[in-house]
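Notes follow the structure.
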Amino acid sequence: MAEDSIYSELKKEGMSRRGFLKFCGLVAGAMSFTMLPPIEGLTDVRGVQSPVKHGTIEMVAKALQTKQRLPVIWMEFQDCAGCTEALTRSKSPTLVDLVLNKITVEYHETLTAAAGFQTEEAKLAAMQKYAGQYILVVEGSVTDLDDGIYCTIGGKSSMELLREAAAGAAAIVATGNCAAFGGLPRAKPNPTGALGVYEVIKDKPVVNIPGCPAIPEVFTSVLAQFLVFGTLPELDALHRPKNFYGTAIHDRCLRRPFYDAGKFALSFDDEGAKKGYCLYKLGCKGPTTYNSCATLKWSGGLSFPIQSGHPCLGCSEPNFWDGGGFYQGQSAPISKPTGTVAAAAVAAGVAIAAGVGMANVAQKKAAHSADKEEEE
Amino acid sequence: MKTISNIAMNTFVKETGGYVAAQLEACTRCGMCADACHFYVATGNPEYAPVWKIDLLKRAYEQRFTLSGKVKLALGVDKPVTDEDIQKFSKIVYEACTMCNKCSMVCPMGLQLGPLIHEVRTSMSNAGVVPDDLMKAVNKQVEEGSPLGVTDDVYDDRIEWVADEWEVDIPVDVKGADTLVVFSSIEVMKFPENIAAIAKILNTAGEKWTLSTAGREVVNFGFYEGSEERTKMFMQRIFDAAKELGVKKIVVTECGHAYDALRWTSYNMMEVPAGIEITHIVGLIGEYVRSGKIKLKAGAFDNGVITFHDACKIQRRGGHIKEPREILKILAPNSFKEMSPSKEQAICCGGGGGVIAIKEADPVRYAAFELKIDQMKAVGADAVVMSCSNCRLQFTDCVQHFNLDVKVKGLSQMVADALEER
Amino acid sequence: MNWTAVLEFARGPFFKVALLVFIAGMAYRIARIIMLGWKKDRVPPRGSKVEGAAISFLKGILIWPFIPWVKDTFKRNPIIYIAGGLFHLGLFVVLILGTAHMLVWKSLLGFGWATLPLPIVDWLAAVAIVAMIVLFIHRLTNPVMRLISGWPEWLNLLFVFLPMVTGYMMTHHLFFRYEVLFSLHMLSVNVMLIWIPISRISHFVFYFFSKAIHGADFGKRSVSP
Ligand code: HEM
Ligand code: SF4
Ligand code: SF4
Ligand code: SF4
């Protein structure tokens, strides 16, 4: 069965040639957000007409006719399954469904029908069968602290499981901020010692798709590209696909003109908020957050937090939980001395001054008495 | 052996209290004070910038009192103060500063630069690097009681002569008088008419006053020098005389520096006999006029253009800004014109602070006076009045030097000439 | 290099340390001065010292900055007076009435206030930057300024200039990515905070000492300071 091409698999499921080509169009569309050659005659998820270039659908069709399904093993560690939720409840279900169900085979802890050791065995079997070919998707952070006891599955720690699964993977996709950078579990004081995947696995390509959750379209696009071309997108220093994480939210934000004019909402229900003013003062992290929310938007291009009136939380950046309060302007310091510490600093300063001051006074006295001696 | 830099630094250490330190800390080294100083403006020599004149004080403070200064010294980015430094700055602070404190009016931080420069002079004086001319005058005052050689005998002769010549009563050494009047030897030797004038005013006002032979010299060259010891010594002579005669008031005549010393400095240096008020003759005359004790002929000098030169130590540093103006508005209601700037912002004549006593300072002294010339020209002054005989000496000398067509007048003299007979 | 981490460091622990150094350093400076002690002034005054000090501040803060031309020294060097004035105006407006900075104060003090529209703040920031360049050139060329400027004076200019320029670039998204500029801004701000207590930028505190001394000295003579 595995030897069959994707096309033949789909045909078996009763897909017509016409349906197949439409499907190829969708896959091509998923990739159209990437920096691949612009794809002809397609509208992307935003409904924007992609620049036309001949032959891309054919290219996708050819790939799907020759290539086999892409094996995907999806593992969850310290997570909330939010990324999975986002994917499965995505407003572009056809696309996600097609990519996740039709072109990939998977082991997925949340979605799998099986349970207990059965699933573990299925996973091991898949890993063996597709050794060196599968994509390992990780959702959630891993931990090694205290022998990894904070996250174990079937008696194995998350770190062991990750290493085991990574060994045979062709590439790893860390979806969501937790898998990418440690996310919520890593928030101070990081009790479980949570880590991002790319901090642990150094010998395999790791693509980070941070976000809380990751944007489904971005995820599928990366998978589609790997499927069709066998390549991974170009990454930035934080292992994020440059094409989706290349510009700051702030630079594409629809409220930006208000920022430039210095017009800010001061609370969530004031005049400014009603007029759609910039949310900087309400804590927006858009200026330092790199993601595609402002362009792809969510729920099939319907809206995104800032559009809906909520400041950007910076969820695609490392340590976003500790990057200053969510509702505190970005310029506010992340850590500041408490009143007590500040008072201690004053006390320290005064103490040094007292020492120096005493020496100074003694020096003056000495100068005076030296003079007196002279006179005598 | 103690080097002069040792002694100077030691003095700086003694002088530096909160008052000095807080101001040194405040200076931003913005350089604005330079444009206030007549010596800098006249010569363009950056070393005459007021802030530079306190540079030694600042370095001493940093090196001796602050951690950062000690670190700088250890790292070699600041050098210890050397004997040469002291010598170099001695010329600057004695020859090119009149302690007029105009710079403090300009300093955005309000540094009292005049008093701070005085501290520098004190160090110089302790270290014995005072210009020769000035030191000679100081020594003369120590030995003979007056820098101009007005000994007891000379004094008696001169006063007797003034009394005869101008036909005024001049009481000398009268026990039980209310007021001790102390002249400066400049007046005694160079402007005797001033003595006559003041005597006439005091007599007309019915003041019970006296002179003292022992306390005859108000000029304080120790204060010019910056020597605490000699400043006190000269003031002590006056205070002793005042106690001896049992007066209630000491009147300083037309000498600015003496007024600064006696009125505004003595109390913090020494015991001032209790119950004695110290004032300036301008203040006293002002009081007479206000209270009607003397009456002035209105418009007595109302011709040409008359302007008033504010003496730094009597007006800006003395506080008697209003009195001369009230008087001049009576004497010359139409002719009196203010120079610009004037009052507390006035420009110094360039001769005060002992500068005029130092021969080597002549070039800068004359250069500085050119600012005054410009000011007088701007109002078209035919005559210039002042209440300080040190300024008057500078004006008379410079009027001659520059060949100017301006009359130099003493305020008391004008008042005396315009007195209504009782 | 990962700028997000740099930014986090600069806004986080480094800022905290810099602020503490600033607080301790200023406490040290002030306490050291006070420890030197003040001699009691025994001179009988002719006028009120308190009044003198009050007028001194009034003139220094509210009068001279707005009518400097009545002073004769202004006429000799108007550009420098204006540059100095505009620099301080720009600085205060940017630091107090700029939105980003108000939020810093708010976070530190617990309360905020209304701010000026960005374009106004922005223009004043530009003016302050130009003024600093003018002041720099003046320090470089004027003989008095050259004489009285040691390396600390040059560093003063530099350490205040850097936050100004990086802040301005940040607002305009010039040349670098935002978090890069933000990082540089915060790094330079922190360096400045540490530099203030060991330098003459601390004049903003001692101003109150020296102006009070000045006012009292004049007030007791009943001369307007
Ligand atoms: C804790 C201290 C500080 C923080 C957190 C901070 C943060 C910021 C932020 C977030 C901006 C706005 C950038 C934008 O609009 O995108 C800014 C602008 C600016 N900052 Fe700061 N800053 C601090 C201290 C300073 C200091 C001490 C100076 C000057 C010496 C300074 C000078 C500026 C300037 C000139 C601007 C540009 C204003 C404009 O063009 O509108 N900042 N700063
Ligand atoms: S709402 Fe946020 S992202 Fe949008 S302009 Fe304001 S600060 Fe920038
Ligand atoms: S006190 Fe007068 S003479 Fe001395 S530096 Fe200041 S302005 Fe110049
Ligand atoms: S004007 Fe004042 S602050 Fe400026 S350099 Fe002179 S003394 Fe220092």
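By order of appearance in the structure tokens: chains A, B, ..., then residues from 1 within every chain, and ligands from 1 in the order shown.
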
Would you name the residues within 8 Å of ligand 3, counting only C-alpha atoms and all ligand atoms, and put them as an mmCIF file with N, CA and C atoms, in the first residue's frame?
```cif
data_model
loop_
_atom_site.group_PDB
_atom_site.id
_atom_site.type_symbol
_atom_site.label_atom_id
_atom_site.label_comp_id
_atom_site.auth_asym_id
_atom_site.auth_seq_id
_atom_site.Cartn_x
_atom_site.Cartn_y
_atom_site.Cartn_z
ATOM 1 N N CYS B 33 29.873 80.784 31.182
ATOM 2 C CA CYS B 33 30.414 81.835 32.051
ATOM 3 C C CYS B 33 31.500 82.635 31.347
ATOM 4 N N ALA B 34 32.152 82.037 30.363
ATOM 5 C CA ALA B 34 33.237 82.747 29.693
ATOM 6 C C ALA B 34 32.751 84.090 29.158
ATOM 7 N N ALA B 36 30.573 85.947 30.163
ATOM 8 C CA ALA B 36 30.204 86.940 31.170
ATOM 9 C C ALA B 36 31.426 87.700 31.648
ATOM 10 N N CYS B 37 32.579 87.089 31.541
ATOM 11 C CA CYS B 37 33.764 87.687 32.156
ATOM 12 C C CYS B 37 34.372 88.732 31.235
ATOM 13 N N HIS B 38 34.478 89.944 31.756
ATOM 14 C CA HIS B 38 35.026 91.034 30.939
ATOM 15 C C HIS B 38 36.452 90.730 30.508
ATOM 16 N N PHE B 39 37.196 89.994 31.331
ATOM 17 C CA PHE B 39 38.581 89.714 30.948
ATOM 18 C C PHE B 39 38.632 88.744 29.768
ATOM 19 N N TYR B 40 37.745 87.774 29.772
ATOM 20 C CA TYR B 40 37.711 86.858 28.630
ATOM 21 C C TYR B 40 37.198 87.571 27.380
ATOM 22 N N TYR B 48 40.955 82.671 30.723
ATOM 23 C CA TYR B 48 40.257 83.620 31.582
ATOM 24 C C TYR B 48 38.789 83.245 31.789
ATOM 25 N N ALA B 49 38.396 82.126 31.216
ATOM 26 C CA ALA B 49 37.020 81.672 31.446
ATOM 27 C C ALA B 49 36.870 81.379 32.936
ATOM 28 N N PRO B 50 35.821 81.907 33.561
ATOM 29 C CA PRO B 50 35.652 81.700 35.001
ATOM 30 C C PRO B 50 35.773 80.236 35.415
ATOM 31 N N VAL B 51 35.188 79.361 34.632
ATOM 32 C CA VAL B 51 35.226 77.951 35.011
ATOM 33 C C VAL B 51 36.661 77.427 35.044
ATOM 34 N N LYS B 53 39.167 79.191 35.936
ATOM 35 C CA LYS B 53 39.813 79.761 37.118
ATOM 36 C C LYS B 53 39.576 78.897 38.361
ATOM 37 N N VAL B 93 44.245 83.903 38.362
ATOM 38 C CA VAL B 93 43.212 84.289 39.330
ATOM 39 C C VAL B 93 43.476 85.646 39.970
ATOM 40 N N ALA B 96 43.533 88.393 36.345
ATOM 41 C CA ALA B 96 42.421 88.462 35.417
ATOM 42 C C ALA B 96 41.099 88.108 36.080
ATOM 43 N N CYS B 97 40.965 88.438 37.355
ATOM 44 C CA CYS B 97 39.668 88.268 38.004
ATOM 45 C C CYS B 97 39.498 89.352 39.045
ATOM 46 N N THR B 98 38.358 89.995 38.984
ATOM 47 C CA THR B 98 38.071 91.034 39.968
ATOM 48 C C THR B 98 37.083 90.535 41.009
ATOM 49 N N MET B 99 36.761 89.262 40.971
ATOM 50 C CA MET B 99 35.784 88.649 41.884
ATOM 51 C C MET B 99 34.439 89.348 41.794
ATOM 52 N N CYS B 100 34.136 89.827 40.608
ATOM 53 C CA CYS B 100 32.935 90.649 40.478
ATOM 54 C C CYS B 100 31.665 89.797 40.538
ATOM 55 N N ASN B 101 31.833 88.497 40.289
ATOM 56 C CA ASN B 101 30.711 87.563 40.356
ATOM 57 C C ASN B 101 29.653 87.780 39.277
ATOM 58 N N LYS B 102 30.015 88.502 38.238
ATOM 59 C CA LYS B 102 29.097 88.635 37.115
ATOM 60 C C LYS B 102 28.863 87.252 36.492
ATOM 61 N N CYS B 103 29.906 86.450 36.491
ATOM 62 C CA CYS B 103 29.786 85.137 35.863
ATOM 63 C C CYS B 103 28.681 84.305 36.504
ATOM 64 N N SER B 104 28.469 84.503 37.807
ATOM 65 C CA SER B 104 27.433 83.695 38.460
ATOM 66 C C SER B 104 26.038 84.086 37.987
ATOM 67 N N LEU B 113 30.701 81.765 41.292
ATOM 68 C CA LEU B 113 32.091 81.632 40.846
ATOM 69 C C LEU B 113 33.031 82.588 41.558
ATOM 70 N N GLY B 114 32.553 83.808 41.812
ATOM 71 C CA GLY B 114 33.411 84.777 42.489
ATOM 72 C C GLY B 114 33.927 84.214 43.809
ATOM 73 N N PRO B 115 33.025 83.828 44.710
ATOM 74 C CA PRO B 115 33.471 83.248 45.969
ATOM 75 C C PRO B 115 34.345 82.006 45.788
ATOM 76 N N ILE B 117 36.383 81.445 43.278
ATOM 77 C CA ILE B 117 37.710 81.902 42.857
ATOM 78 C C ILE B 117 38.448 82.482 44.064
ATOM 79 N N CYS B 348 31.673 94.742 35.245
ATOM 80 C CA CYS B 348 32.702 95.238 36.173
ATOM 81 C C CYS B 348 33.625 96.229 35.453
ATOM 82 N N GLY B 350 36.775 96.385 35.869
ATOM 83 C CA GLY B 350 38.019 95.698 35.531
ATOM 84 C C GLY B 350 39.176 96.034 36.454
#
```

For C:Gly150: contacts at 10 Å, only C-alpha atoms, fewer than 3 positions along chain excluded, given as number ranges by chain: B: 29, 77-78; C: 145-147, 153-155

Please, could you write that set of residues out with N, CA and C atoms as a short mmCIF file (atom, residue, chain, number, x, y, z; two decimals), in the first residue's frame?
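In the end it all went to again27.cif:
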```cif
data_model
loop_
_atom_site.label_atom_id
_atom_site.label_comp_id
_atom_site.auth_asym_id
_atom_site.auth_seq_id
_atom_site.Cartn_x
_atom_site.Cartn_y
_atom_site.Cartn_z
N ARG B 29 30.27 72.26 32.85
CA ARG B 29 31.33 72.62 31.91
C ARG B 29 30.73 73.02 30.57
N VAL B 77 44.63 59.34 34.02
CA VAL B 77 43.91 60.25 33.14
C VAL B 77 43.83 61.65 33.75
N ASP B 78 44.01 61.75 35.04
CA ASP B 78 44.17 63.07 35.64
C ASP B 78 45.53 63.06 36.34
N MET C 145 35.78 75.95 25.20
CA MET C 145 35.21 74.62 25.34
C MET C 145 36.26 73.55 25.19
N ARG C 146 37.20 73.80 24.29
CA ARG C 146 38.27 72.81 24.12
C ARG C 146 39.11 72.72 25.37
N LEU C 147 39.36 73.89 25.96
CA LEU C 147 40.19 73.93 27.16
C LEU C 147 39.53 73.18 28.32
N GLU C 153 33.81 64.83 29.25
CA GLU C 153 32.84 65.70 28.60
C GLU C 153 32.42 65.13 27.24
N TRP C 154 33.39 64.55 26.55
CA TRP C 154 33.05 63.95 25.25
C TRP C 154 32.16 62.72 25.46
N LEU C 155 32.47 61.96 26.48
CA LEU C 155 31.64 60.78 26.74
C LEU C 155 30.22 61.19 27.14
#
```

With distances taken over only C-alpha atoms and all ligand atoms, which of C:Phe218, C:Tyr178, C:Trp38, C:Tyr81 is nearest to ligand 4?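 Of the candidates, the smallest distance to ligand 4 is held by C:Tyr81.
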
Using only C-alpha atoms and all ligand atoms, find each residue of chain C with at least one atom at most 12 Å away from an atom of ligand 2; report its shortest atom-to-atom pair and that distance in Å (one decimal), sort the rows by chain and rising residue number, and return the result as a Markdown table.
```
| residue | atom | partner | partner_atom_place_in_ligand_line | distance |
| --- | --- | --- | --- | --- |
| C:Thr99 | CA | ligand 2 | 7 (S) | 11.5 |
| C:Ala100 | CA | ligand 2 | 7 (S) | 10.7 |
| C:Thr171 | CA | ligand 2 | 8 (Fe) | 11.2 |
| C:His173 | CA | ligand 2 | 8 (Fe) | 12.0 |
| C:Tyr178 | CA | ligand 2 | 8 (Fe) | 11.0 |
```

Might you pull out every residue within 10 Å of stretch 87-96 of chain C, with only C-alpha atoms counted and same-chain residues fewer than 6 positions away left off, and present them as a ChimeraX atom specification? /C:65,81,102-105,112-116,118,120-135,160,164,167

Can you pull out every residue within 10 Å of stretch 170-182 of chain B, counting only C-alpha atoms, but drop anything in the same chain fewer than 5 positions away, and send it as a CSV table (one decimal) with N, CA, C and O atoms, in the first residue's frame?
```csv
chain,number,residue,atom,x,y,z
B,156,ASP,N,46.4,111.8,60.4
B,156,ASP,CA,46.0,113.0,61.1
B,156,ASP,C,46.2,114.2,60.3
B,156,ASP,O,45.4,115.1,60.2
B,159,ILE,N,43.6,114.5,57.4
B,159,ILE,CA,42.2,114.8,57.9
B,159,ILE,C,42.1,116.2,58.3
B,159,ILE,O,41.2,116.9,58.0
B,160,GLU,N,43.2,116.6,59.0
B,160,GLU,CA,43.2,118.0,59.5
B,160,GLU,C,43.1,119.0,58.2
B,160,GLU,O,42.4,120.0,58.2
B,162,VAL,N,42.0,118.3,55.2
B,162,VAL,CA,40.7,118.2,54.6
B,162,VAL,C,39.7,119.1,55.3
B,162,VAL,O,39.0,119.9,54.7
B,163,ALA,N,39.7,119.0,56.7
B,163,ALA,CA,38.8,119.8,57.5
B,163,ALA,C,39.0,121.3,57.2
B,163,ALA,O,38.0,122.1,57.1
B,164,ASP,N,40.3,121.7,57.1
B,164,ASP,CA,40.6,123.1,56.9
B,164,ASP,C,40.2,123.5,55.5
B,164,ASP,O,39.4,124.5,55.3
B,195,ILE,N,36.1,112.7,51.3
B,195,ILE,CA,36.0,112.8,52.8
B,195,ILE,C,35.2,114.0,53.2
B,195,ILE,O,34.3,113.9,54.1
B,196,ALA,N,35.6,115.1,52.6
B,196,ALA,CA,34.8,116.4,52.9
B,196,ALA,C,33.4,116.2,52.7
B,196,ALA,O,32.5,116.6,53.5
B,198,ILE,N,31.5,113.5,52.5
B,198,ILE,CA,30.8,112.6,53.4
B,198,ILE,C,30.6,113.3,54.8
B,198,ILE,O,29.6,113.2,55.4
B,199,ALA,N,31.7,114.0,55.2
B,199,ALA,CA,31.6,114.7,56.5
B,199,ALA,C,30.4,115.7,56.4
B,199,ALA,O,29.6,115.8,57.4
B,200,LYS,N,30.3,116.4,55.3
B,200,LYS,CA,29.3,117.4,55.2
B,200,LYS,C,27.9,116.7,55.3
B,200,LYS,O,27.0,117.2,56.0
B,202,LEU,N,27.1,113.8,56.7
B,202,LEU,CA,26.8,113.3,58.0
B,202,LEU,C,26.5,114.4,59.0
B,202,LEU,O,25.6,114.3,59.8
B,203,ASN,N,27.2,115.5,58.9
B,203,ASN,CA,26.9,116.7,59.8
B,203,ASN,C,25.5,117.2,59.5
B,203,ASN,O,24.8,117.5,60.4
B,207,GLU,N,24.2,113.3,62.3
B,207,GLU,CA,24.7,112.0,62.7
B,207,GLU,C,25.8,112.3,63.8
B,207,GLU,O,26.6,113.2,63.7
B,208,LYS,N,25.8,111.5,64.9
B,208,LYS,CA,26.8,111.6,65.9
B,208,LYS,C,27.9,110.6,65.5
B,208,LYS,O,27.9,109.4,65.8
B,209,TRP,N,28.9,111.1,64.7
B,209,TRP,CA,29.9,110.2,64.1
B,209,TRP,C,31.3,110.5,64.5
B,209,TRP,O,31.6,111.6,65.0
B,210,THR,N,32.2,109.6,64.2
B,210,THR,CA,33.6,109.9,64.4
B,210,THR,C,34.5,109.0,63.5
B,210,THR,O,34.0,108.1,62.9
B,211,LEU,N,35.7,109.5,63.4
B,211,LEU,CA,36.7,108.7,62.7
B,211,LEU,C,37.5,108.0,63.8
B,211,LEU,O,37.5,108.5,65.0
B,212,SER,N,38.3,107.1,63.4
B,212,SER,CA,39.3,106.5,64.4
B,212,SER,C,40.6,106.4,63.8
B,212,SER,O,40.8,106.0,62.6
B,213,THR,N,41.6,106.8,64.6
B,213,THR,CA,43.0,106.7,64.0
B,213,THR,C,43.4,105.3,64.0
B,213,THR,O,44.1,104.9,63.0
B,214,ALA,N,43.1,104.5,65.0
B,214,ALA,CA,43.5,103.1,65.0
B,214,ALA,C,42.8,102.3,63.9
B,214,ALA,O,43.4,101.6,63.2
B,215,GLY,N,41.4,102.6,63.8
B,215,GLY,CA,40.7,101.9,62.8
B,215,GLY,C,40.5,102.8,61.6
B,215,GLY,O,39.3,103.2,61.3
B,216,ARG,N,41.5,103.2,61.0
B,216,ARG,CA,41.4,104.3,59.9
B,216,ARG,C,41.3,103.7,58.5
B,216,ARG,O,41.0,104.4,57.6
B,217,GLU,N,41.7,102.4,58.4
B,217,GLU,CA,41.8,101.9,57.0
B,217,GLU,C,40.7,100.8,56.7
B,217,GLU,O,40.7,99.8,57.4
B,218,VAL,N,39.8,101.1,55.8
B,218,VAL,CA,38.8,100.1,55.5
B,218,VAL,C,39.2,99.2,54.4
B,218,VAL,O,38.8,98.0,54.4
B,219,VAL,N,40.1,99.6,53.6
B,219,VAL,CA,40.6,98.8,52.5
B,219,VAL,C,41.2,97.5,53.1
B,219,VAL,O,41.9,97.6,54.2
B,238,ILE,N,39.6,97.4,62.9
B,238,ILE,CA,38.4,98.2,62.8
B,238,ILE,C,37.5,97.9,64.0
B,238,ILE,O,36.9,98.8,64.7
B,239,PHE,N,37.3,96.6,64.2
B,239,PHE,CA,36.4,96.1,65.3
B,239,PHE,C,36.9,96.6,66.6
B,239,PHE,O,36.1,97.0,67.5
B,241,ALA,N,38.7,99.2,67.2
B,241,ALA,CA,38.5,100.6,67.3
B,241,ALA,C,37.0,100.9,67.7
B,241,ALA,O,36.7,101.7,68.5
B,242,ALA,N,36.1,100.1,67.0
B,242,ALA,CA,34.7,100.4,67.2
B,242,ALA,C,34.3,100.1,68.7
B,242,ALA,O,33.5,100.8,69.3
B,243,LYS,N,34.9,99.0,69.2
B,243,LYS,CA,34.6,98.6,70.6
B,243,LYS,C,35.1,99.7,71.5
B,243,LYS,O,34.5,100.1,72.5
B,244,GLU,N,36.3,100.1,71.2
B,244,GLU,CA,37.0,101.1,72.0
B,244,GLU,C,36.2,102.4,72.1
B,244,GLU,O,36.0,103.0,73.2
B,245,LEU,N,35.6,102.8,71.0
B,245,LEU,CA,34.9,104.0,70.9
B,245,LEU,C,33.4,103.8,71.4
B,245,LEU,O,32.7,104.8,71.6
B,246,GLY,N,33.0,102.6,71.4
B,246,GLY,CA,31.7,102.3,71.9
B,246,GLY,C,30.6,102.7,70.9
B,246,GLY,O,29.5,103.0,71.3
B,247,VAL,N,30.8,102.5,69.6
B,247,VAL,CA,29.8,102.9,68.6
B,247,VAL,C,28.8,101.8,68.4
B,247,VAL,O,29.0,100.7,68.8
B,248,LYS,N,27.7,102.2,67.7
B,248,LYS,CA,26.6,101.3,67.4
B,248,LYS,C,26.6,100.8,65.9
B,248,LYS,O,25.9,99.9,65.5
B,249,LYS,N,27.4,101.6,65.2
B,249,LYS,CA,27.3,101.4,63.7
B,249,LYS,C,28.7,101.6,63.1
B,249,LYS,O,29.4,102.5,63.5
B,250,ILE,N,29.0,100.8,62.1
B,250,ILE,CA,30.2,101.0,61.4
B,250,ILE,C,29.8,101.3,59.9
B,250,ILE,O,29.0,100.6,59.4
B,251,VAL,N,30.3,102.5,59.4
B,251,VAL,CA,29.9,102.8,58.0
B,251,VAL,C,31.2,102.7,57.2
B,251,VAL,O,32.2,103.3,57.4
B,252,VAL,N,31.1,101.8,56.2
B,252,VAL,CA,32.1,101.7,55.2
B,252,VAL,C,31.9,102.7,54.2
B,252,VAL,O,30.8,102.9,53.7
B,253,THR,N,33.0,103.4,53.8
B,253,THR,CA,32.8,104.5,52.8
B,253,THR,C,33.0,103.8,51.4
B,253,THR,O,32.7,102.6,51.2
B,254,GLU,N,33.4,104.6,50.5
B,254,GLU,CA,33.3,104.2,49.1
B,254,GLU,C,34.4,103.2,48.7
B,254,GLU,O,35.3,103.4,47.9
B,255,CYS,N,34.3,102.0,49.3
B,255,CYS,CA,35.2,100.9,48.9
B,255,CYS,C,34.4,99.6,48.9
B,255,CYS,O,33.8,99.2,49.9
B,258,ALA,N,36.1,96.2,50.6
B,258,ALA,CA,36.1,96.3,52.1
B,258,ALA,C,34.7,96.0,52.6
B,258,ALA,O,34.5,95.4,53.6
B,276,ILE,N,26.7,95.8,66.9
B,276,ILE,CA,27.2,96.8,65.9
B,276,ILE,C,26.7,96.5,64.5
B,276,ILE,O,26.8,95.4,64.1
B,277,GLU,N,26.0,97.5,63.9
B,277,GLU,CA,25.5,97.3,62.6
B,277,GLU,C,26.6,97.8,61.6
B,277,GLU,O,27.2,98.8,61.8
B,278,ILE,N,26.7,97.0,60.5
B,278,ILE,CA,27.7,97.4,59.5
B,278,ILE,C,26.9,97.8,58.3
B,278,ILE,O,26.1,97.1,57.8
B,279,THR,N,27.2,99.0,57.8
B,279,THR,CA,26.5,99.4,56.5
B,279,THR,C,27.4,100.2,55.6
B,279,THR,O,28.6,100.5,56.0
B,280,HIS,N,26.9,100.5,54.5
B,280,HIS,CA,27.7,101.2,53.5
B,280,HIS,C,27.2,102.7,53.4
B,280,HIS,O,26.0,102.9,53.6
B,281,ILE,N,28.1,103.6,53.1
B,281,ILE,CA,27.7,105.0,53.0
B,281,ILE,C,26.5,105.2,52.1
B,281,ILE,O,25.6,106.0,52.3
```

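Around ligand 4, using only C-alpha atoms and all ligand atoms and a cut-off of 6 Å, the residues in contact are B:Cys27, B:Thr28, B:Arg29, B:Cys30, B:Gly31, B:Met32, B:Cys33, B:Val51, B:Cys107, B:Pro108, B:Met109, B:Leu111.
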
Preceding selection exported with N, CA and C atoms as a compact mmCIF listing (two decimals), in the first residue's frame:
```
# COMPACT_ATOMS: atom_id res chain seq x y z
N CYS B 27 28.52 72.09 38.18
CA CYS B 27 29.04 72.69 36.94
C CYS B 27 29.00 71.66 35.82
N THR B 28 28.40 72.05 34.69
CA THR B 28 28.31 71.12 33.57
C THR B 28 29.41 71.34 32.56
N ARG B 29 30.27 72.26 32.85
CA ARG B 29 31.33 72.62 31.91
C ARG B 29 30.73 73.02 30.57
N CYS B 30 29.76 73.92 30.69
CA CYS B 30 29.08 74.40 29.48
C CYS B 30 29.80 75.59 28.89
N GLY B 31 30.63 76.24 29.68
CA GLY B 31 31.44 77.34 29.16
C GLY B 31 30.71 78.66 29.00
N MET B 32 29.46 78.73 29.43
CA MET B 32 28.71 79.97 29.22
C MET B 32 29.29 81.13 30.04
N CYS B 33 29.87 80.78 31.18
CA CYS B 33 30.41 81.83 32.05
C CYS B 33 31.50 82.63 31.35
N VAL B 51 35.19 79.36 34.63
CA VAL B 51 35.23 77.95 35.01
C VAL B 51 36.66 77.43 35.04
N CYS B 107 25.88 81.87 34.68
CA CYS B 107 25.99 80.42 34.82
C CYS B 107 24.59 79.81 34.96
N PRO B 108 24.22 78.91 34.06
CA PRO B 108 22.89 78.32 34.17
C PRO B 108 22.71 77.53 35.45
N MET B 109 23.81 77.10 36.03
CA MET B 109 23.73 76.33 37.27
C MET B 109 23.84 77.25 38.48
N LEU B 111 26.43 78.82 39.69
CA LEU B 111 27.62 78.71 40.54
C LEU B 111 28.04 80.09 41.03
```

Give me, as a list in words, the residues of chain A touching chain B, with the criterion being at most 9 Å (counting only C-alpha atoms). Val356, Gly357, Ala359, Asn360, Gln363, Lys364, Lys365, Ala366, Ala367, His368, Ala370 and Asp371 of chain A

Compile a residue-level contact table for chain A against ligand 1 at a cut-off of 7 Å, reporting for every qualifying residue the shortest atom pair and its distance in Å to one decimal, with only C-alpha atoms and all ligand atoms counted, rows ordered by chain and ascending number, as a tab-separated table.
```
residue	atom	partner	partner_atom_place_in_ligand_line	distance
A:Gln330	CA	ligand 1	10 (C)	6.5
A:Ser331	CA	ligand 1	10 (C)	4.3
A:Ala332	CA	ligand 1	5 (C)	5.7
A:Pro333	CA	ligand 1	5 (C)	6.0
```

Report the residues of stretch 65-159 of chain C whose backbone DSSP state falls under helix (DSSP H, G or I), written as a PyMOL selection string. chain C and resi 68-70+72-76+78-97+99-109+118-141+143-148+151-159

Hey, what's within 7 Å of A:Ile172 if we count only C-alpha atoms and toss same-chain stuff fewer than 5 positions away? As a PyMOL selection string, please? chain A and resi 135-137+205-207

Counting only C-alpha atoms, a student should be able to say which residues of chain C come within 7 Å of chain A; what is the right answer, written as JSON, numbers by chain? {"C": [2, 8, 11, 12, 13, 16, 20, 23, 24, 25, 27, 28, 31, 32, 35, 36, 100, 101, 103, 104, 107, 117, 118, 119, 178, 179]}
